$ cat protein_24.pdb   # PDB, N, CA and C atoms
ATOM      1  N   ASN A 941     123.147 -94.999  67.023
ATOM      2  CA  ASN A 941     124.257 -94.165  66.611
ATOM      3  C   ASN A 941     123.787 -92.854  66.003
ATOM      4  N   GLY A 942     122.592 -92.437  66.347
ATOM      5  CA  GLY A 942     122.066 -91.169  65.858
ATOM      6  C   GLY A 942     122.056 -90.148  66.976
ATOM      7  N   ALA A 943     121.480 -89.025  66.687
ATOM      8  CA  ALA A 943     121.381 -87.966  67.685
ATOM      9  C   ALA A 943     119.990 -87.365  67.627
ATOM     10  N   MET A 944     119.583 -86.787  68.730
ATOM     11  CA  MET A 944     118.293 -86.112  68.826
ATOM     12  C   MET A 944     118.570 -84.629  69.068
ATOM     13  N   TYR A 945     117.737 -83.789  68.481
ATOM     14  CA  TYR A 945     117.907 -82.347  68.598
ATOM     15  C   TYR A 945     116.567 -81.683  68.882
ATOM     16  N   LEU A 946     116.626 -80.535  69.523
ATOM     17  CA  LEU A 946     115.477 -79.654  69.702
ATOM     18  C   LEU A 946     115.751 -78.377  68.933
ATOM     19  N   MET A 947     114.749 -77.864  68.254
ATOM     20  CA  MET A 947     114.839 -76.537  67.647
ATOM     21  C   MET A 947     113.953 -75.630  68.490
ATOM     22  N   LEU A 948     114.559 -74.640  69.110
ATOM     23  CA  LEU A 948     113.838 -73.745  70.012
ATOM     24  C   LEU A 948     113.762 -72.348  69.421
ATOM     25  N   ASP A 949     112.600 -71.771  69.483
ATOM     26  CA  ASP A 949     112.343 -70.425  68.979
ATOM     27  C   ASP A 949     112.780 -69.415  70.030
ATOM     28  N   VAL A 950     113.744 -68.553  69.698
ATOM     29  CA  VAL A 950     114.236 -67.548  70.646
ATOM     30  C   VAL A 950     113.900 -66.131  70.197
ATOM     31  N   ARG A 951     113.004 -65.992  69.228
ATOM     32  CA  ARG A 951     112.684 -64.664  68.691
ATOM     33  C   ARG A 951     112.092 -63.721  69.729
ATOM     34  N   ALA A 952     111.406 -64.243  70.734
ATOM     35  CA  ALA A 952     110.814 -63.378  71.761
ATOM     36  C   ALA A 952     111.871 -62.644  72.580
ATOM     37  N   THR A 953     113.119 -63.094  72.505
ATOM     38  CA  THR A 953     114.203 -62.413  73.223
ATOM     39  C   THR A 953     114.670 -61.162  72.484
ATOM     40  N   GLY A 954     114.255 -61.022  71.226
ATOM     41  CA  GLY A 954     114.716 -59.902  70.412
ATOM     42  C   GLY A 954     116.069 -60.139  69.770
ATOM     43  N   LEU A 955     116.607 -61.347  69.948
ATOM     44  CA  LEU A 955     117.919 -61.685  69.397
ATOM     45  C   LEU A 955     117.768 -62.669  68.249
ATOM     46  N   THR A 956     118.741 -62.675  67.365
ATOM     47  CA  THR A 956     118.812 -63.717  66.344
ATOM     48  C   THR A 956     119.321 -64.994  67.009
ATOM     49  N   GLY A 957     119.219 -66.083  66.303
ATOM     50  CA  GLY A 957     119.794 -67.322  66.815
ATOM     51  C   GLY A 957     121.292 -67.198  67.020
ATOM     52  N   ASP A 958     121.961 -66.508  66.112
ATOM     53  CA  ASP A 958     123.409 -66.270  66.245
ATOM     54  C   ASP A 958     123.720 -65.495  67.517
ATOM     55  N   GLU A 959     123.005 -64.387  67.718
ATOM     56  CA  GLU A 959     123.246 -63.537  68.887
ATOM     57  C   GLU A 959     122.943 -64.282  70.184
ATOM     58  N   PHE A 960     121.811 -64.984  70.196
ATOM     59  CA  PHE A 960     121.430 -65.726  71.397
ATOM     60  C   PHE A 960     122.477 -66.794  71.714
ATOM     61  N   GLY A 961     122.892 -67.543  70.706
ATOM     62  CA  GLY A 961     123.898 -68.583  70.907
ATOM     63  C   GLY A 961     125.209 -68.043  71.427
ATOM     64  N   ASP A 962     125.650 -66.923  70.868
ATOM     65  CA  ASP A 962     126.902 -66.308  71.327
ATOM     66  C   ASP A 962     126.803 -65.877  72.783
ATOM     67  N   ARG A 963     125.698 -65.243  73.145
ATOM     68  CA  ARG A 963     125.516 -64.769  74.519
ATOM     69  C   ARG A 963     125.362 -65.930  75.490
ATOM     70  N   LEU A 964     124.643 -66.961  75.078
ATOM     71  CA  LEU A 964     124.455 -68.134  75.924
ATOM     72  C   LEU A 964     125.798 -68.808  76.218
ATOM     73  N   LEU A 965     126.626 -68.925  75.205
ATOM     74  CA  LEU A 965     127.949 -69.522  75.388
ATOM     75  C   LEU A 965     128.799 -68.666  76.317
ATOM     76  N   GLU A 966     128.795 -67.373  76.101
ATOM     77  CA  GLU A 966     129.617 -66.478  76.922
ATOM     78  C   GLU A 966     129.125 -66.414  78.371
ATOM     79  N   ASP A 967     127.821 -66.324  78.552
ATOM     80  CA  ASP A 967     127.268 -66.114  79.891
ATOM     81  C   ASP A 967     127.094 -67.401  80.699
ATOM     82  N   LEU A 968     126.715 -68.507  80.045
ATOM     83  CA  LEU A 968     126.417 -69.740  80.779
ATOM     84  C   LEU A 968     127.262 -70.943  80.353
ATOM     85  N   ALA A 969     128.142 -70.749  79.381
ATOM     86  CA  ALA A 969     128.980 -71.836  78.869
ATOM     87  C   ALA A 969     128.139 -72.994  78.325
ATOM     88  N   ILE A 970     126.995 -72.642  77.694
ATOM     89  CA  ILE A 970     126.149 -73.631  77.025
ATOM     90  C   ILE A 970     126.270 -73.376  75.524
ATOM     91  N   ALA A 971     126.704 -74.395  74.799
ATOM     92  CA  ALA A 971     126.895 -74.263  73.355
ATOM     93  C   ALA A 971     125.681 -74.809  72.610
ATOM     94  N   VAL A 972     125.176 -74.019  71.668
ATOM     95  CA  VAL A 972     124.077 -74.416  70.799
ATOM     96  C   VAL A 972     124.434 -74.014  69.372
ATOM     97  N   MET A 973     123.679 -74.506  68.425
ATOM     98  CA  MET A 973     123.880 -74.142  67.024
ATOM     99  C   MET A 973     122.789 -73.146  66.641
ATOM    100  N   PRO A 974     123.166 -71.993  66.083
ATOM    101  CA  PRO A 974     122.137 -71.042  65.664
ATOM    102  C   PRO A 974     121.335 -71.586  64.489
ATOM    103  N   GLY A 975     120.052 -71.330  64.510
ATOM    104  CA  GLY A 975     119.174 -71.784  63.444
ATOM    105  C   GLY A 975     119.548 -71.225  62.089
ATOM    106  N   GLU A 976     120.129 -70.042  62.080
ATOM    107  CA  GLU A 976     120.526 -69.425  60.811
ATOM    108  C   GLU A 976     121.475 -70.313  60.018
ATOM    109  N   SER A 977     122.155 -71.231  60.693
ATOM    110  CA  SER A 977     123.047 -72.176  60.009
ATOM    111  C   SER A 977     122.274 -73.139  59.107
ATOM    112  N   PHE A 978     120.954 -73.235  59.321
ATOM    113  CA  PHE A 978     120.120 -74.174  58.578
ATOM    114  C   PHE A 978     119.209 -73.478  57.574
ATOM    115  N   GLY A 979     119.445 -72.210  57.338
ATOM    116  CA  GLY A 979     118.672 -71.476  56.343
ATOM    117  C   GLY A 979     117.686 -70.506  56.963
ATOM    118  N   THR A 980     117.041 -69.739  56.097
ATOM    119  CA  THR A 980     116.159 -68.667  56.563
ATOM    120  C   THR A 980     114.936 -69.185  57.322
ATOM    121  N   CYS A 981     114.467 -70.373  57.014
ATOM    122  CA  CYS A 981     113.281 -70.892  57.711
ATOM    123  C   CYS A 981     113.567 -71.184  59.182
ATOM    124  N   ALA A 982     114.819 -71.347  59.559
ATOM    125  CA  ALA A 982     115.188 -71.626  60.951
ATOM    126  C   ALA A 982     115.768 -70.406  61.656
ATOM    127  N   ALA A 983     115.764 -69.257  60.990
ATOM    128  CA  ALA A 983     116.283 -68.034  61.609
ATOM    129  C   ALA A 983     115.482 -67.722  62.869
ATOM    130  N   GLY A 984     116.168 -67.244  63.889
ATOM    131  CA  GLY A 984     115.517 -66.915  65.150
ATOM    132  C   GLY A 984     115.317 -68.118  66.054
ATOM    133  N   HIS A 985     115.952 -69.219  65.693
ATOM    134  CA  HIS A 985     115.869 -70.440  66.482
ATOM    135  C   HIS A 985     117.287 -70.883  66.853
ATOM    136  N   ILE A 986     117.367 -71.795  67.806
ATOM    137  CA  ILE A 986     118.634 -72.450  68.128
ATOM    138  C   ILE A 986     118.402 -73.953  68.107
ATOM    139  N   ARG A 987     119.442 -74.685  67.756
ATOM    140  CA  ARG A 987     119.366 -76.145  67.792
ATOM    141  C   ARG A 987     120.138 -76.621  69.008
ATOM    142  N   VAL A 988     119.465 -77.399  69.827
ATOM    143  CA  VAL A 988     120.052 -77.951  71.042
ATOM    144  C   VAL A 988     120.245 -79.446  70.824
ATOM    145  N   ALA A 989     121.479 -79.894  70.955
ATOM    146  CA  ALA A 989     121.779 -81.319  70.812
ATOM    147  C   ALA A 989     121.551 -82.022  72.140
ATOM    148  N   MET A 990     120.860 -83.136  72.082
ATOM    149  CA  MET A 990     120.576 -83.918  73.291
ATOM    150  C   MET A 990     121.634 -85.011  73.410
ATOM    151  N   THR A 991     122.876 -84.578  73.670
ATOM    152  CA  THR A 991     124.007 -85.503  73.621
ATOM    153  C   THR A 991     124.718 -85.678  74.956
ATOM    154  N   VAL A 992     124.148 -85.144  76.033
ATOM    155  CA  VAL A 992     124.730 -85.322  77.361
ATOM    156  C   VAL A 992     123.771 -86.160  78.192
ATOM    157  N   ASP A 993     124.230 -86.630  79.334
ATOM    158  CA  ASP A 993     123.356 -87.472  80.155
ATOM    159  C   ASP A 993     122.124 -86.680  80.605
ATOM    160  N   ASP A 994     121.076 -87.400  80.947
ATOM    161  CA  ASP A 994     119.776 -86.791  81.228
ATOM    162  C   ASP A 994     119.819 -85.736  82.333
ATOM    163  N   ASP A 995     120.546 -85.998  83.399
ATOM    164  CA  ASP A 995     120.595 -85.042  84.512
ATOM    165  C   ASP A 995     121.261 -83.737  84.094
ATOM    166  N   ALA A 996     122.382 -83.827  83.401
ATOM    167  CA  ALA A 996     123.072 -82.626  82.925
ATOM    168  C   ALA A 996     122.225 -81.887  81.899
ATOM    169  N   PHE A 997     121.538 -82.640  81.037
ATOM    170  CA  PHE A 997     120.689 -82.024  80.027
ATOM    171  C   PHE A 997     119.543 -81.259  80.684
ATOM    172  N   ALA A 998     118.908 -81.848  81.677
ATOM    173  CA  ALA A 998     117.787 -81.192  82.367
ATOM    174  C   ALA A 998     118.234 -79.884  83.012
ATOM    175  N   ILE A 999     119.393 -79.884  83.633
ATOM    176  CA  ILE A 999     119.912 -78.667  84.266
ATOM    177  C   ILE A 999     120.220 -77.608  83.214
ATOM    178  N   ALA A1000     120.914 -78.001  82.155
ATOM    179  CA  ALA A1000     121.278 -77.043  81.102
ATOM    180  C   ALA A1000     120.038 -76.483  80.417
ATOM    181  N   LEU A1001     119.046 -77.327  80.162
ATOM    182  CA  LEU A1001     117.830 -76.855  79.501
ATOM    183  C   LEU A1001     117.060 -75.889  80.398
ATOM    184  N   GLN A1002     116.996 -76.180  81.682
ATOM    185  CA  GLN A1002     116.326 -75.250  82.602
ATOM    186  C   GLN A1002     117.080 -73.924  82.660
ATOM    187  N   ASP A1003     118.400 -73.964  82.696
ATOM    188  CA  ASP A1003     119.202 -72.735  82.684
ATOM    189  C   ASP A1003     118.952 -71.949  81.403
ATOM    190  N   LEU A1004     118.872 -72.642  80.277
ATOM    191  CA  LEU A1004     118.620 -71.998  78.989
ATOM    192  C   LEU A1004     117.246 -71.323  78.971
ATOM    193  N   VAL A1005     116.233 -72.024  79.456
ATOM    194  CA  VAL A1005     114.874 -71.476  79.478
ATOM    195  C   VAL A1005     114.803 -70.249  80.390
ATOM    196  N   THR A1006     115.425 -70.328  81.550
ATOM    197  CA  THR A1006     115.456 -69.183  82.473
ATOM    198  C   THR A1006     116.171 -68.006  81.834
ATOM    199  N   TYR A1007     117.284 -68.268  81.189
ATOM    200  CA  TYR A1007     118.073 -67.228  80.528
ATOM    201  C   TYR A1007     117.232 -66.551  79.442
ATOM    202  N   ALA A1008     116.565 -67.354  78.619
ATOM    203  CA  ALA A1008     115.723 -66.791  77.549
ATOM    204  C   ALA A1008     114.585 -65.973  78.146
ATOM    205  N   GLY A1009     113.986 -66.460  79.219
ATOM    206  CA  GLY A1009     112.905 -65.727  79.874
ATOM    207  C   GLY A1009     113.352 -64.382  80.412
ATOM    208  N   ASP A1010     114.562 -64.334  80.925
ATOM    209  CA  ASP A1010     115.106 -63.077  81.442
ATOM    210  C   ASP A1010     115.352 -62.072  80.315
ATOM    211  N   LEU A1011     115.621 -62.554  79.110
ATOM    212  CA  LEU A1011     115.858 -61.669  77.955
ATOM    213  C   LEU A1011     114.579 -61.271  77.240
ATOM    214  N   GLU A1012     113.509 -62.031  77.450
ATOM    215  CA  GLU A1012     112.270 -61.842  76.710
ATOM    216  C   GLU A1012     111.760 -60.413  76.874
ATOM    217  N   LYS A1013     111.295 -59.874  75.755
ATOM    218  CA  LYS A1013     110.784 -58.498  75.735
ATOM    219  C   LYS A1013     109.385 -58.444  76.262
TER     220      LYS A1013
END
$ encode --input "protein_24.pdb" --output "C-alpha cells"
Amino acid sequence: NGAMYLMLDVRATGLTGDEFGDRLLEDLAIAVMPGESFGTCAAGHIRVAMTVDDDAFAIALQDLVTYAGDLEK
C-alpha cells in the first residue's frame, strides 16, 4: 500500500522543476510534482510517481527523457 517515486534532475534544461512540470503537463499531458514542493534541496528536480502499469510508465518515462533532452542546453 505504498508508492515508489523517482526524483529526476532537470536543471540541464535551464528550467526550474516548476517550469519543467508545467511545460511537460501542457505539452505531453504528463503530470509530475516539482521538486521545489519539497524544499530548496530538491529545487531543479521533478518527482515522478510510479503509479501506473509498467508499459504505460515505460512509455511516459521515455517521452519525458526525450522531452528533457530536447530542452537541454
$ residues_around --input "protein_24.pdb" --residues "stretch 952-964 of chain A" --least-positions-apart "2" --cutoff "6.5 Å" --atoms "all atoms listed in the file" --output "PyMOL selection string"
chain A and resi 949-950+966-976+983-986+1008+1011-1013
$ axis_aligned_box --input "protein_24.pdb" --around "stretch 963-968 of chain A" --padding-each-side "8 Å" --output "AutoDock Vina command-line options"
--center_x 127.0 --center_y -67.9 --center_z 77.0 --size_x 21.2 --size_y 22.2 --size_z 23.6
$ select_by_dssp --input "protein_24.pdb" --residues "stretch 953-1012 of chain A" --states "helix (DSSP H, G or I)" --output "mmCIF file with N, CA and C atoms, keeping the file's coordinate frame"
data_model
loop_
_atom_site.group_PDB
_atom_site.id
_atom_site.type_symbol
_atom_site.label_atom_id
_atom_site.label_comp_id
_atom_site.auth_asym_id
_atom_site.auth_seq_id
_atom_site.Cartn_x
_atom_site.Cartn_y
_atom_site.Cartn_z
ATOM 1 N N THR A 953 113.119 -63.094 72.505
ATOM 2 C CA THR A 953 114.203 -62.413 73.223
ATOM 3 C C THR A 953 114.670 -61.162 72.484
ATOM 4 N N GLY A 957 119.219 -66.083 66.303
ATOM 5 C CA GLY A 957 119.794 -67.322 66.815
ATOM 6 C C GLY A 957 121.292 -67.198 67.020
ATOM 7 N N ASP A 958 121.961 -66.508 66.112
ATOM 8 C CA ASP A 958 123.409 -66.270 66.245
ATOM 9 C C ASP A 958 123.720 -65.495 67.517
ATOM 10 N N GLU A 959 123.005 -64.387 67.718
ATOM 11 C CA GLU A 959 123.246 -63.537 68.887
ATOM 12 C C GLU A 959 122.943 -64.282 70.184
ATOM 13 N N PHE A 960 121.811 -64.984 70.196
ATOM 14 C CA PHE A 960 121.430 -65.726 71.397
ATOM 15 C C PHE A 960 122.477 -66.794 71.714
ATOM 16 N N GLY A 961 122.892 -67.543 70.706
ATOM 17 C CA GLY A 961 123.898 -68.583 70.907
ATOM 18 C C GLY A 961 125.209 -68.043 71.427
ATOM 19 N N ASP A 962 125.650 -66.923 70.868
ATOM 20 C CA ASP A 962 126.902 -66.308 71.327
ATOM 21 C C ASP A 962 126.803 -65.877 72.783
ATOM 22 N N ARG A 963 125.698 -65.243 73.145
ATOM 23 C CA ARG A 963 125.516 -64.769 74.519
ATOM 24 C C ARG A 963 125.362 -65.930 75.490
ATOM 25 N N LEU A 964 124.643 -66.961 75.078
ATOM 26 C CA LEU A 964 124.455 -68.134 75.924
ATOM 27 C C LEU A 964 125.798 -68.808 76.218
ATOM 28 N N LEU A 965 126.626 -68.925 75.205
ATOM 29 C CA LEU A 965 127.949 -69.522 75.388
ATOM 30 C C LEU A 965 128.799 -68.666 76.317
ATOM 31 N N GLU A 966 128.795 -67.373 76.101
ATOM 32 C CA GLU A 966 129.617 -66.478 76.922
ATOM 33 C C GLU A 966 129.125 -66.414 78.371
ATOM 34 N N ASP A 967 127.821 -66.324 78.552
ATOM 35 C CA ASP A 967 127.268 -66.114 79.891
ATOM 36 C C ASP A 967 127.094 -67.401 80.699
ATOM 37 N N LEU A 968 126.715 -68.507 80.045
ATOM 38 C CA LEU A 968 126.417 -69.740 80.779
ATOM 39 C C LEU A 968 127.262 -70.943 80.353
ATOM 40 N N GLY A 975 120.052 -71.330 64.510
ATOM 41 C CA GLY A 975 119.174 -71.784 63.444
ATOM 42 C C GLY A 975 119.548 -71.225 62.089
ATOM 43 N N GLU A 976 120.129 -70.042 62.080
ATOM 44 C CA GLU A 976 120.526 -69.425 60.811
ATOM 45 C C GLU A 976 121.475 -70.313 60.018
ATOM 46 N N SER A 977 122.155 -71.231 60.693
ATOM 47 C CA SER A 977 123.047 -72.176 60.009
ATOM 48 C C SER A 977 122.274 -73.139 59.107
ATOM 49 N N PHE A 978 120.954 -73.235 59.321
ATOM 50 C CA PHE A 978 120.120 -74.174 58.578
ATOM 51 C C PHE A 978 119.209 -73.478 57.574
ATOM 52 N N THR A 980 117.041 -69.739 56.097
ATOM 53 C CA THR A 980 116.159 -68.667 56.563
ATOM 54 C C THR A 980 114.936 -69.185 57.322
ATOM 55 N N CYS A 981 114.467 -70.373 57.014
ATOM 56 C CA CYS A 981 113.281 -70.892 57.711
ATOM 57 C C CYS A 981 113.567 -71.184 59.182
ATOM 58 N N ALA A 982 114.819 -71.347 59.559
ATOM 59 C CA ALA A 982 115.188 -71.626 60.951
ATOM 60 C C ALA A 982 115.768 -70.406 61.656
ATOM 61 N N ASP A 994 121.076 -87.400 80.947
ATOM 62 C CA ASP A 994 119.776 -86.791 81.228
ATOM 63 C C ASP A 994 119.819 -85.736 82.333
ATOM 64 N N ASP A 995 120.546 -85.998 83.399
ATOM 65 C CA ASP A 995 120.595 -85.042 84.512
ATOM 66 C C ASP A 995 121.261 -83.737 84.094
ATOM 67 N N ALA A 996 122.382 -83.827 83.401
ATOM 68 C CA ALA A 996 123.072 -82.626 82.925
ATOM 69 C C ALA A 996 122.225 -81.887 81.899
ATOM 70 N N PHE A 997 121.538 -82.640 81.037
ATOM 71 C CA PHE A 997 120.689 -82.024 80.027
ATOM 72 C C PHE A 997 119.543 -81.259 80.684
ATOM 73 N N ALA A 998 118.908 -81.848 81.677
ATOM 74 C CA ALA A 998 117.787 -81.192 82.367
ATOM 75 C C ALA A 998 118.234 -79.884 83.012
ATOM 76 N N ILE A 999 119.393 -79.884 83.633
ATOM 77 C CA ILE A 999 119.912 -78.667 84.266
ATOM 78 C C ILE A 999 120.220 -77.608 83.214
ATOM 79 N N ALA A 1000 120.914 -78.001 82.155
ATOM 80 C CA ALA A 1000 121.278 -77.043 81.102
ATOM 81 C C ALA A 1000 120.038 -76.483 80.417
ATOM 82 N N LEU A 1001 119.046 -77.327 80.162
ATOM 83 C CA LEU A 1001 117.830 -76.855 79.501
ATOM 84 C C LEU A 1001 117.060 -75.889 80.398
ATOM 85 N N GLN A 1002 116.996 -76.180 81.682
ATOM 86 C CA GLN A 1002 116.326 -75.250 82.602
ATOM 87 C C GLN A 1002 117.080 -73.924 82.660
ATOM 88 N N ASP A 1003 118.400 -73.964 82.696
ATOM 89 C CA ASP A 1003 119.202 -72.735 82.684
ATOM 90 C C ASP A 1003 118.952 -71.949 81.403
ATOM 91 N N LEU A 1004 118.872 -72.642 80.277
ATOM 92 C CA LEU A 1004 118.620 -71.998 78.989
ATOM 93 C C LEU A 1004 117.246 -71.323 78.971
ATOM 94 N N VAL A 1005 116.233 -72.024 79.456
ATOM 95 C CA VAL A 1005 114.874 -71.476 79.478
ATOM 96 C C VAL A 1005 114.803 -70.249 80.390
ATOM 97 N N THR A 1006 115.425 -70.328 81.550
ATOM 98 C CA THR A 1006 115.456 -69.183 82.473
ATOM 99 C C THR A 1006 116.171 -68.006 81.834
ATOM 100 N N TYR A 1007 117.284 -68.268 81.189
ATOM 101 C CA TYR A 1007 118.073 -67.228 80.528
ATOM 102 C C TYR A 1007 117.232 -66.551 79.442
ATOM 103 N N ALA A 1008 116.565 -67.354 78.619
ATOM 104 C CA ALA A 1008 115.723 -66.791 77.549
ATOM 105 C C ALA A 1008 114.585 -65.973 78.146
ATOM 106 N N GLY A 1009 113.986 -66.460 79.219
ATOM 107 C CA GLY A 1009 112.905 -65.727 79.874
ATOM 108 C C GLY A 1009 113.352 -64.382 80.412
ATOM 109 N N ASP A 1010 114.562 -64.334 80.925
ATOM 110 C CA ASP A 1010 115.106 -63.077 81.442
ATOM 111 C C ASP A 1010 115.352 -62.072 80.315
ATOM 112 N N LEU A 1011 115.621 -62.554 79.110
ATOM 113 C CA LEU A 1011 115.858 -61.669 77.955
ATOM 114 C C LEU A 1011 114.579 -61.271 77.240
#
$ atom_distance --input "protein_24.pdb" --atom1 "atom CA of A:Cys981" --atom2 "atom CA of A:Met947"
11.5 Å
$ atom_distance --input "protein_24.pdb" --atom1 "atom C of A:Ala989" --atom2 "atom N of A:Leu946"
5.8 Å
$ closest_residue --input "protein_24.pdb" --among "A:Leu965, A:Ile999, A:Val988, A:Ala982" --to "A:Met944" --atoms "all atoms listed in the file"
A:Val988
$ select_by_dssp --input "protein_24.pdb" --residues "chain A" --states "strand (DSSP E or B)" --output "tab-separated table (two decimals) with N, CA and C atoms, in the frame of the given file"
chain	number	residue	atom	x	y	z
A	945	TYR	N	117.74	-83.79	68.48
A	945	TYR	CA	117.91	-82.35	68.60
A	945	TYR	C	116.57	-81.68	68.88
A	946	LEU	N	116.63	-80.54	69.52
A	946	LEU	CA	115.48	-79.65	69.70
A	946	LEU	C	115.75	-78.38	68.93
A	947	MET	N	114.75	-77.86	68.25
A	947	MET	CA	114.84	-76.54	67.65
A	947	MET	C	113.95	-75.63	68.49
A	948	LEU	N	114.56	-74.64	69.11
A	948	LEU	CA	113.84	-73.74	70.01
A	948	LEU	C	113.76	-72.35	69.42
A	949	ASP	N	112.60	-71.77	69.48
A	949	ASP	CA	112.34	-70.42	68.98
A	949	ASP	C	112.78	-69.42	70.03
A	973	MET	N	123.68	-74.51	68.42
A	973	MET	CA	123.88	-74.14	67.02
A	973	MET	C	122.79	-73.15	66.64
A	974	PRO	N	123.17	-71.99	66.08
A	974	PRO	CA	122.14	-71.04	65.66
A	974	PRO	C	121.34	-71.59	64.49
A	985	HIS	N	115.95	-69.22	65.69
A	985	HIS	CA	115.87	-70.44	66.48
A	985	HIS	C	117.29	-70.88	66.85
A	986	ILE	N	117.37	-71.80	67.81
A	986	ILE	CA	118.63	-72.45	68.13
A	986	ILE	C	118.40	-73.95	68.11
A	987	ARG	N	119.44	-74.68	67.76
A	987	ARG	CA	119.37	-76.14	67.79
A	987	ARG	C	120.14	-76.62	69.01
A	988	VAL	N	119.46	-77.40	69.83
A	988	VAL	CA	120.05	-77.95	71.04
A	988	VAL	C	120.24	-79.45	70.82
A	989	ALA	N	121.48	-79.89	70.96
A	989	ALA	CA	121.78	-81.32	70.81
A	989	ALA	C	121.55	-82.02	72.14
$ atom_distance --input "protein_24.pdb" --atom1 "atom N of A:Asp1003" --atom2 "atom N of A:Ala943"
22.2 Å
